[in-house]
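Peer 1: Have a look at this one before I ask anything.
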Amino acid sequence: MTQNRTLGELYAEVQLFYARQMQQLDAGKLEAYAATFTEDAEFSHTPGREPARTRDGILADLQDFHKRFEDDPMQRRHWFNMIDLEPQPDGSIVSTFYALIVKTRPGAAPEIAPSCVVHDVLVRQDGDLLNKSRTVEYDSVR
Amino acid sequence: MTQNRTLGELYAEVQLFYARQMQQLDAGKLEAYAATFTEDAEFSHTPGREPARTRDGILADLQDFHKRFEDDPMQRRHWFNMIDLEPQPDGSIVSTFYALIVKTRPGAAPEIAPSCVVHDVLVRQDGDLLNKSRTVEYDSVR
Amino acid sequence: MTQNRTLGELYAEVQLFYARQMQQLDAGKLEAYAATFTEDAEFSHTPGREPARTRDGILADLQDFHKRFEDDPMQRRHWFNMIDLEPQPDGSIVSTFYALIVKTRPGAAPEIAPSCVVHDVLVRQDGDLLNKSRTVEYDSVR
């Protein structure tokens with residue numbers, strides 16, 4: 001149960017979960033990334049785009065979204081920081097944090113954009129954390 | 001007592017404190033930000049500007065300083081990282097870390113400046129961490 | 001033993017180790033930085049450059065490498081984030097994380113480059129963490 005973990009244990013667990021989750025996405029492992037969401041999850045990653053729903057729907061949406069990167073030798077790195085965690089009475093965890101995407105193309109300096117605030121609801125299944133939902137809010141489109 | 005906390009508990013507690021403190025500042029909640037300082041705190045945030053003293057003085061100084069942002073639709077995000085903590089015999093914690101300010105204006109890529117080193121003294125009151133002092137050192141003005 | 005530490009304790013310990021290690025390097029304390037490696041360590045920090053070996057070799061290599069900064073009033077800040085830790089059966093820790101170098105010259109905005117993935121093997125000696133190896137992979141040179 002999340003409620004019985006100390007803050008130190010929970011905070012490290014969430015940081016490690018995010019590190020692995022986003023290193024997988026940045027390595028193009030879309031199935032592994034989709035598997036970090038619950039079966040009934042909702043993921044809203046781009047303003048103006050309909051949220052993806054269910055793990056299969058999230059994977060399909062990511063495969064579609066990532067087509068734009070196919071001919072672009074860009075390496076993306078997602079940076080998450082300033083993580084605020086609020087454990088809920090039902091055992092879920094509301095997580096609100098800052099994100100930057102670092103994009104590097106061959107021979108060029110990194111481009112760092114956009115700046116985002118991410119709103120997650122994390123739940124525990126079989127002892128592991130999963131995203132029940134993720135909503136990405138962009139600073140530059142408000 | 002800080003002395004009796006493990007490093008894991010203390011480190012997570014400081015990261016969470018900074019996340020909430022700076023998310024409040026970046027949301028323009030100046031009173032909530034000022035409330036993260038002790039009543040007798042000292043805050044030096046800008047080289048060449050007299051440090052603000054006392055919680056009321058810090059709030060007044062912030063309200064004055066933030067006037068420059070009133071007509072500017074810029075979203076600021078404070079990123080803190082590489083946090084070194086040194087618990088002191090008196091129960092206070094010397095915290096030294098890196099900071100970047102991410103500034104996004106509508107339709108533009110984020111501007112990331114300045115790069116800073118921040119020197120905090122944190123104390124515990126009624127179980128919660130507060131800033132007894134904060135001194136921000138800018139990399140670009142040395 | 002690393003195996004007996006909780007994730008919360010280990011994660012905080014590694015974050016603190018990196019904060020102190022890199023604050024020392026960014027302050028130009030090359031001997032203190034070299035002392036965070038084991039006597040038989042290997043450090044590969046720049047693609048195309050032969051890895052430095054042994055603590056003395058790492059120090060000599062750093063002193064040589066840092067000559068390029070002697071006439072350059074640039075302040076470097078190493079940012080590490082998204083740290084994935086994998087404790088190994090032999091007590092060592094495989095650590096894989098993202099890094100950015102923030103470079104500030106007087107009167108200029110920070111330049112943030114390159115974006116890297118760092119592969120560390122950490123070991124414990126006399127209770128303290130040390131780098132047994134570090135390999136820095138640059139995003140922009142692939």
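We label chains A, B, ... in the order they appear in the structure tokens, count residues from 1 in each chain, and number ligands from 1 in the order shown.
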Taking 5 positions as the minimum chain separation for residues in the same chain, which residues sit within 9 Å of stretch 73-80 of chain A when counting only C-alpha atoms? Answer as an NGL selection string.
Peer 2: (:A and (15 or 18-19 or 22-23 or 25-27 or 97-106 or 118)) or (:C and (81-82 or 98 or 115 or 139-140))
Peer 1: As an MDAnalysis selection string, please: every residue in stretch 1-136 of chain C that DSSP puts in alpha helix (DSSP H).
Peer 2: chainID C and resid 7:26 30:34 55:65
Peer 1: May I ask which of the residues B:His66, B:Arg53, B:Arg5, B:His45 is the closest one to B:Leu30, counting only C-alpha atoms?
Peer 2: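 Between B:His66, B:Arg53, B:Arg5, B:His45, the residue approaching B:Leu30 most closely is B:His66.
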Peer 1: Between atom CA of C:Val136 and atom CA of C:Ala113, what is the distance, to one decimal in Å?
Peer 2: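 About the pair atom CA of C:Val136 and atom CA of C:Ala113: they are 13.3 Å apart.
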Peer 1: I'd like to know which of B:Ala41, B:Leu122, B:Ile93, B:Ile112 is closest to chain C, using only C-alpha atoms.
Peer 2: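 Under the stated criterion, the closest residue is B:Ile112.
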Peer 1: Could you tell me how far atom CA of C:Thr38 sits from atom CA of C:Lys132, in Å to one decimal place?
Peer 2: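 About the pair atom CA of C:Lys132 and atom CA of C:Thr38: they are 5.4 Å apart.
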